[in-house]
$ cat run20.cif   # mmCIF, C-alpha atoms
data_start
#
loop_
_atom_site.label_atom_id
_atom_site.label_comp_id
_atom_site.auth_asym_id
_atom_site.auth_seq_id
_atom_site.Cartn_x
_atom_site.Cartn_y
_atom_site.Cartn_z
CA MET W 1 113.68 86.91 101.50
CA THR W 2 112.44 84.55 98.77
CA GLU W 3 114.52 84.54 95.61
CA THR W 4 112.45 85.62 92.63
CA ALA W 5 112.37 83.90 89.25
CA PHE W 6 113.04 87.21 87.54
CA PRO W 7 113.60 90.84 88.60
CA PRO W 8 110.36 92.61 89.58
CA ARG W 9 109.07 95.30 87.26
CA GLN W 10 110.30 98.77 88.07
CA THR W 11 107.75 100.87 89.95
CA PRO W 12 106.74 104.00 87.98
CA VAL W 13 107.87 107.15 89.78
CA ILE W 14 106.27 110.54 89.11
CA PRO W 15 108.36 113.65 89.83
CA ILE W 16 107.24 115.90 92.67
CA ALA W 17 108.00 119.61 92.37
CA GLY W 18 111.04 120.20 94.56
CA GLY W 19 113.02 117.15 93.53
CA SER W 20 111.65 113.98 95.13
CA GLY W 21 109.56 111.27 93.48
CA PHE W 22 106.17 109.60 93.98
CA PRO W 23 106.27 105.80 93.50
CA VAL W 24 102.90 104.75 92.13
CA ALA W 25 101.05 101.92 93.87
CA ARG W 26 97.50 101.99 92.47
CA ILE W 27 95.37 104.20 90.24
CA PHE W 28 91.69 104.75 90.98
CA CYS W 29 89.52 106.59 88.44
CA VAL W 30 86.16 108.27 89.04
CA GLY W 31 83.55 107.75 86.34
CA ARG W 32 81.06 110.37 85.12
CA ASN W 33 82.10 113.10 87.54
CA TYR W 34 81.04 115.96 85.24
CA ALA W 35 77.34 116.06 84.34
CA ALA W 36 78.01 117.38 80.83
CA HIS W 37 80.40 114.51 80.09
CA ALA W 38 77.93 111.95 81.40
CA ALA W 39 75.28 113.44 79.11
CA GLU W 40 77.54 113.33 76.03
CA MET W 41 78.16 109.64 76.75
CA GLY W 42 74.41 109.03 76.98
CA HIS W 43 74.16 108.61 80.75
CA ASP W 44 72.63 110.35 83.73
CA VAL W 45 74.81 111.15 86.74
CA ASP W 46 74.35 108.82 89.70
CA ARG W 47 74.22 111.28 92.60
CA GLU W 48 73.91 108.59 95.27
CA ALA W 49 77.63 107.76 95.25
CA PRO W 50 80.66 107.98 92.94
CA PHE W 51 81.69 104.90 90.98
CA TYR W 52 85.20 103.81 90.10
CA PHE W 53 87.39 101.81 87.77
CA THR W 54 91.10 101.15 88.06
CA LYS W 55 94.29 101.24 86.05
CA SER W 56 97.52 99.42 86.79
CA ALA W 57 100.45 101.47 88.02
CA HIS W 58 102.24 100.17 84.93
CA ALA W 59 99.82 102.15 82.75
CA VAL W 60 101.69 105.34 83.77
CA LEU W 61 103.42 107.38 81.08
CA LEU W 62 105.27 110.47 82.28
CA SER W 63 104.20 113.75 80.74
CA GLY W 64 106.41 114.91 77.90
CA HIS W 65 106.91 111.45 76.43
CA ASP W 66 105.35 110.24 73.18
CA MET W 67 102.40 107.85 73.42
CA PRO W 68 102.46 105.01 70.87
CA TYR W 69 98.99 104.45 69.41
CA PRO W 70 97.76 101.32 71.24
CA PRO W 71 96.89 98.02 69.54
CA ARG W 72 93.44 96.67 68.64
CA THR W 73 91.69 100.04 68.59
CA SER W 74 90.73 102.55 65.94
CA ASP W 75 89.12 105.00 68.39
CA LEU W 76 91.63 106.25 70.97
CA HIS W 77 90.12 109.08 73.07
CA HIS W 78 91.56 111.72 75.38
CA GLU W 79 90.11 112.46 78.83
CA MET W 80 91.70 115.35 80.74
CA GLU W 81 91.57 115.07 84.55
CA LEU W 82 92.69 116.46 87.90
CA VAL W 83 94.79 113.83 89.69
CA MET W 84 95.15 113.53 93.47
CA ALA W 85 98.32 111.98 94.89
CA ILE W 86 97.77 110.28 98.24
CA GLY W 87 100.52 110.50 100.83
CA GLY W 88 98.87 109.05 103.96
CA ASP W 89 96.71 106.17 105.11
CA ALA W 90 92.93 106.47 104.98
CA HIS W 91 90.30 103.91 105.94
CA ASP W 92 86.70 105.08 106.27
CA ILE W 93 87.92 108.65 106.68
CA GLY W 94 85.41 111.47 107.04
CA LYS W 95 85.12 114.41 104.66
CA ALA W 96 86.43 116.77 107.34
CA ASP W 97 89.75 114.89 107.52
CA ALA W 98 90.01 113.72 103.91
CA MET W 99 92.46 116.38 102.79
CA ASP W 100 94.95 115.34 105.48
CA VAL W 101 96.03 112.36 103.34
CA VAL W 102 96.53 114.32 100.09
CA LEU W 103 100.18 114.88 99.21
CA GLY W 104 99.53 116.95 96.10
CA TYR W 105 97.85 117.34 92.73
CA ALA W 106 98.73 116.84 89.08
CA CYS W 107 97.30 117.09 85.59
CA GLY W 108 96.55 113.75 83.98
CA LEU W 109 95.16 112.12 80.85
CA ASP W 110 92.96 109.03 81.09
CA MET W 111 93.47 107.62 77.60
CA THR W 112 90.68 105.30 76.49
CA ARG W 113 90.21 102.70 73.77
CA ARG W 114 86.64 103.87 73.28
CA ASP W 115 85.62 101.18 70.82
CA LEU W 116 86.74 98.43 73.20
CA GLN W 117 85.02 100.14 76.12
CA ALA W 118 81.78 100.48 74.13
CA ALA W 119 81.87 96.83 73.08
CA ALA W 120 82.38 95.77 76.70
CA LYS W 121 79.50 97.94 77.87
CA GLU W 122 77.20 96.49 75.22
CA LYS W 123 77.96 92.97 76.43
CA ARG W 124 77.85 94.05 80.11
CA ARG W 125 81.47 93.06 80.56
CA PRO W 126 84.28 94.83 82.48
CA TRP W 127 85.93 97.87 80.89
CA ASP W 128 89.50 96.76 81.56
CA THR W 129 90.71 96.46 77.97
CA GLY W 130 89.27 99.88 77.15
CA LYS W 131 90.83 101.67 80.13
CA ASP W 132 93.79 99.75 81.55
CA PHE W 133 96.62 99.37 79.04
CA GLU W 134 100.19 100.54 78.55
CA ASN W 135 100.61 104.36 78.58
CA ALA W 136 96.90 104.91 79.35
CA ALA W 137 97.57 107.13 82.39
CA ILE W 138 99.70 110.11 81.37
CA ILE W 139 100.68 112.06 84.48
CA ALA W 140 102.45 115.42 84.88
CA PRO W 141 104.73 116.30 87.81
CA ILE W 142 102.93 116.57 91.15
CA LYS W 143 102.61 119.87 92.98
CA PRO W 144 102.52 119.56 96.79
CA LYS W 145 99.18 120.67 98.23
CA ASP W 146 100.76 123.18 100.62
CA GLU W 147 102.13 125.06 97.60
CA MET W 148 98.69 125.36 96.03
CA THR W 149 96.60 128.49 95.96
CA ALA W 150 92.86 128.18 96.60
CA TRP W 151 91.05 126.39 93.76
CA GLY W 152 88.40 129.11 93.50
CA GLY W 153 87.42 129.26 89.82
CA ALA W 154 90.18 126.92 88.65
CA LYS W 155 89.79 125.87 85.01
CA ILE W 156 90.60 122.50 83.49
CA GLN W 157 91.41 122.52 79.77
CA LEU W 158 92.77 120.26 77.04
CA THR W 159 94.02 121.30 73.62
CA VAL W 160 94.78 119.04 70.67
CA ASN W 161 97.10 120.67 68.14
CA ASP W 162 96.47 123.99 69.95
CA LEU W 163 92.69 123.77 69.49
CA VAL W 164 90.57 123.61 72.66
CA ARG W 165 88.76 120.28 72.97
CA GLN W 166 87.82 120.22 76.67
CA GLU W 167 87.21 123.10 79.06
CA ALA W 168 85.36 123.36 82.37
CA LEU W 169 85.71 124.51 85.97
CA LEU W 170 86.81 122.12 88.69
CA SER W 171 83.77 123.32 90.59
CA ASP W 172 81.67 121.55 87.94
CA MET W 173 82.67 118.18 89.39
CA VAL W 174 79.69 116.25 90.74
CA TRP W 175 81.79 114.84 93.58
CA SER W 176 84.40 117.07 95.25
CA VAL W 177 87.88 115.86 96.11
CA ARG W 178 86.87 115.54 99.78
CA GLU W 179 83.82 113.48 98.92
CA ILE W 180 85.77 111.20 96.59
CA ILE W 181 88.45 110.40 99.18
CA ALA W 182 85.88 109.85 101.93
CA ASP W 183 83.80 107.51 99.78
CA LEU W 184 86.70 105.60 98.20
CA SER W 185 88.20 104.99 101.65
CA THR W 186 85.11 102.99 102.59
CA LEU W 187 85.91 100.57 99.76
CA TYR W 188 89.72 100.43 100.05
CA THR W 189 92.37 101.33 102.58
CA LEU W 190 94.10 104.15 100.73
CA GLY W 191 97.81 104.63 101.26
CA PRO W 192 100.92 106.45 100.08
CA GLY W 193 101.47 105.92 96.35
CA ASP W 194 97.80 105.80 95.38
CA LEU W 195 96.57 108.13 92.64
CA ILE W 196 92.97 109.20 92.14
CA MET W 197 91.96 110.48 88.71
CA THR W 198 88.86 112.58 89.40
CA GLY W 199 86.94 112.39 86.12
CA THR W 200 86.80 114.30 82.85
CA PRO W 201 84.67 117.17 81.53
CA ALA W 202 82.70 117.11 78.29
CA GLY W 203 84.47 117.26 74.95
CA VAL W 204 86.24 113.90 74.89
CA GLY W 205 87.15 112.74 71.42
CA PRO W 206 89.50 110.79 69.18
CA VAL W 207 93.18 111.39 68.56
CA THR W 208 95.40 110.07 65.78
CA PRO W 209 99.16 109.73 65.25
CA GLY W 210 100.77 113.14 64.96
CA ASP W 211 98.35 114.85 67.36
CA VAL W 212 99.88 116.88 70.20
CA LEU W 213 97.90 117.03 73.46
CA ARG W 214 98.34 119.61 76.22
CA GLY W 215 96.25 119.67 79.39
CA THR W 216 96.30 122.45 81.96
CA ILE W 217 94.77 123.25 85.36
CA ASP W 218 95.66 126.72 86.60
CA ASP W 219 99.18 126.65 88.12
CA LEU W 220 99.78 122.90 87.97
CA ALA W 221 102.44 121.62 85.58
CA SER W 222 100.78 120.89 82.23
CA VAL W 223 100.46 117.33 80.94
CA THR W 224 101.69 116.87 77.37
CA THR W 225 102.13 114.05 74.91
CA ARG W 226 102.34 113.38 71.19
CA ILE W 227 100.55 110.42 69.65
CA VAL W 228 102.94 108.38 67.49
#
$ encode --input "run20.cif" --output "structure tokens"
Amino acid sequence: MTETAFPPRQTPVIPIAGGSGFPVARIFCVGRNYAAHAAEMGHDVDREAPFYFTKSAHAVLLSGHDMPYPPRTSDLHHEMELVMAIGGDAHDIGKADAMDVVLGYACGLDMTRRDLQAAAKEKRRPWDTGKDFENAAIIAPIKPKDEMTAWGGAKIQLTVNDLVRQEALLSDMVWSVREIIADLSTLYTLGPGDLIMTGTPAGVGPVTPGDVLRGTIDDLASVTTRIV
């Protein structure tokens, strides 16, 4: 084994209900997966196929920890999302088999430097500085899929200082979890440790230091943070 010049960064590990941990490899994020959110951002939904952006695994902040307000932004936004944790390999997998590779689900926050994202869009540049930065993926403990009840009319909600900011049904997603996995697996070989953040409903907005965020999806562990 080659000696390294310095110790490698520690891999973020998300707790799994029951005691084990989920070491994060990659984070894939689905854009504009709720029609109402796409509309509030001034876009139509592309119903031909989902589109994606990514965050580094080192963007993970565990739920319950404070989030320092990030540098070079004055417009930090919350985006509440359902997160899928992948526990198996998938390459060009069909929708019928897509759920076989899901280990579990979690609540997550895709935090966004909206002003930097908007500036990048205007110049037709990548979104990386607006989306992929330290503490930008706040993830709650993962619940194994075999402990889940049927989604049915499951509700996704975010409150800021106990006031509801975002609220929708998971059934409002343009692309279902099966469709997302099947499509994404044609672009990448998915594997254990990958997370998929499935998009946010309408109601995204700014947060400031002192704000307390709490996101819930039915019986999943809530995702919480305080902006400092």
$ closest_residue --input "run20.cif" --among "W:Ala182, W:Leu190, W:Leu109, W:Ala98" --to "W:Ala137" --atoms "all atoms listed in the file"
W:Leu109
$ residues_around --input "run20.cif" --residues "W:Ile86" --least-positions-apart "6" --cutoff "8 Å" --atoms "only C-alpha atoms" --output "list of chain:residue names"
W:Val101, W:Val102, W:Leu103, W:Gly104, W:Leu190, W:Gly191, W:Pro192, W:Gly193, W:Asp194, W:Leu195, W:Ile196
$ closest_residue --input "run20.cif" --among "W:Phe22, W:Tyr105, W:Trp151, W:Trp175" --to "W:Thr200" --atoms "all atoms listed in the file"
W:Trp175
$ residues_around --input "run20.cif" --residues "W:Pro70" --least-positions-apart "4" --cutoff "12 Å" --atoms "all atoms listed in the file" --output "list in words"
Ala59, Asp66, Ser74, Asp75, Leu76, His77, Met111, Thr112, Arg113, Arg114, Leu116, Thr129, Gly130, Lys131, Asp132, Phe133, Glu134, Asn135, Ala136, Val207, Thr208, Pro209, Ile227 and Val228 of chain W
$ residues_around --input "run20.cif" --residues "W:Ala168" --least-positions-apart "6" --cutoff "10 Å" --atoms "only C-alpha atoms" --output "list of chain:residue names"
W:Tyr34, W:Ala36, W:Gly153, W:Ala154, W:Lys155, W:Ile156, W:Gln157, W:Leu158, W:Thr200, W:Pro201, W:Ala202, W:Gly203, W:Ile217
$ closest_residue --input "run20.cif" --among "W:Cys107, W:Val223, W:Leu163, W:Ala85" --to "W:Val24" --atoms "only C-alpha atoms"
W:Ala85
$ atom_distance --input "run20.cif" --atom1 "atom CA of W:Ala120" --atom2 "atom CA of W:Asn33"
20.4 Å
$ resolve_selection --input "run20.cif" --expression "the PyMOL selection byres ((chain W and resi 53) around 10)" --output "JSON, numbers by chain"
{"W": [27, 28, 29, 30, 31, 51, 52, 54, 55, 126, 127, 128, 131, 132, 197]}
$ resolve_selection --input "run20.cif" --expression "the PyMOL selection byres ((chain W and resi 12-17) around 8)" --output "NGL selection string"
:W and (10-11 or 18-24 or 57-58 or 60 or 62 or 139-144)
$ closest_residue --input "run20.cif" --among "W:Gln166, W:Ser222, W:Thr73, W:Thr198" --to "W:Arg178" --atoms "only C-alpha atoms"
W:Thr198
$ closest_residue --input "run20.cif" --among "W:Ile138, W:Leu82, W:Leu187, W:Ile180" --to "W:Asp218" --atoms "all atoms listed in the file"
W:Leu82
